[in-house]
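Beneath this line is the structure, given in structure tokens, with notes to follow.
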Amino acid sequence: MRSMIRRSIRAALAAPRPLRYTTLSGEIAALVATGRLVRTGDVLDRLGADGLKDGYKSHYGKHVVRAFRAATGGEPLKVWAQHRTTGRWVHVYVYRPADPALFAGLASYGRTRHLVQAQFMEAA
């Protein structure tokens with residue numbers, strides 16, 4: 001039994017980093033890969049804010065987390081994902097594509113507020 005555990009540990013340590021992090025994230029990573037869950041950066045890219053600096057994208061994410069917590073009283077799901085610019089693996093929150101917290105975060109953050117107004121103008 002102990003030798004089997006040692007072999008499993010050695011195999012896990014030898015696995016490439018993307019595989020280890022994807023395994024840790026499990027089903028959540030699969031849902032992100034298929035688009036059933038989205039990261040805040042994905043939302044900004046879809047809305048045409050891909051020119052926004054990473055620091056500003058991070059602040060938008062903080063606004064979304066606050067809105068999510070206020071609406072649900074809970075925490076959003078987390079997933080291990082590669083950072084867009086550095087390539088480092090980071091733990092990020094993910095949401096349903098139509099989660100109201102994503103739009104509340106857009107409206108509450110000054111650097112993304114114009115994206116919400118543009119969306120409403122297109123709908124009108």
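Going through the structure tokens in order, the chains are called A, B, and so on, while each chain numbers its residues from 1 and the ligands are numbered from 1 in the order shown.
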
Open item on the list: Please identify the alpha helix (DSSP H) residues within chain A (assignment by DSSP from backbone atoms) and present them as a ChimeraX atom specification.
Closed with: /A:2-14,17-25,27-33,40-46,54-72,100-108,113-123

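Contact shell of range 74-82 of chain A at 7 Å (only C-alpha atoms; same-chain neighbours under 4 positions omitted): Tyr21, Thr22, Ser25, Ile28, Ala29, Arg69, Gly87, Arg88, Trp89, Val90, His91, Val92, Tyr93, Val94 and Tyr95 of chain A.
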
- [ ] List every residue of chain A that DSSP, applied to the backbone, labels as strand (DSSP E), and write the result as a list in words.
- [x] Leu77, Lys78, Val79, Trp80, Ala81, Gln82, Trp89, Val90, His91, Val92, Tyr93 and Val94 of chain A

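Nearest residue to Tyr56 in chain A among A:Arg39, A:Arg111, A:His83, A:Arg20 is A:Arg111, counting only C-alpha atoms.
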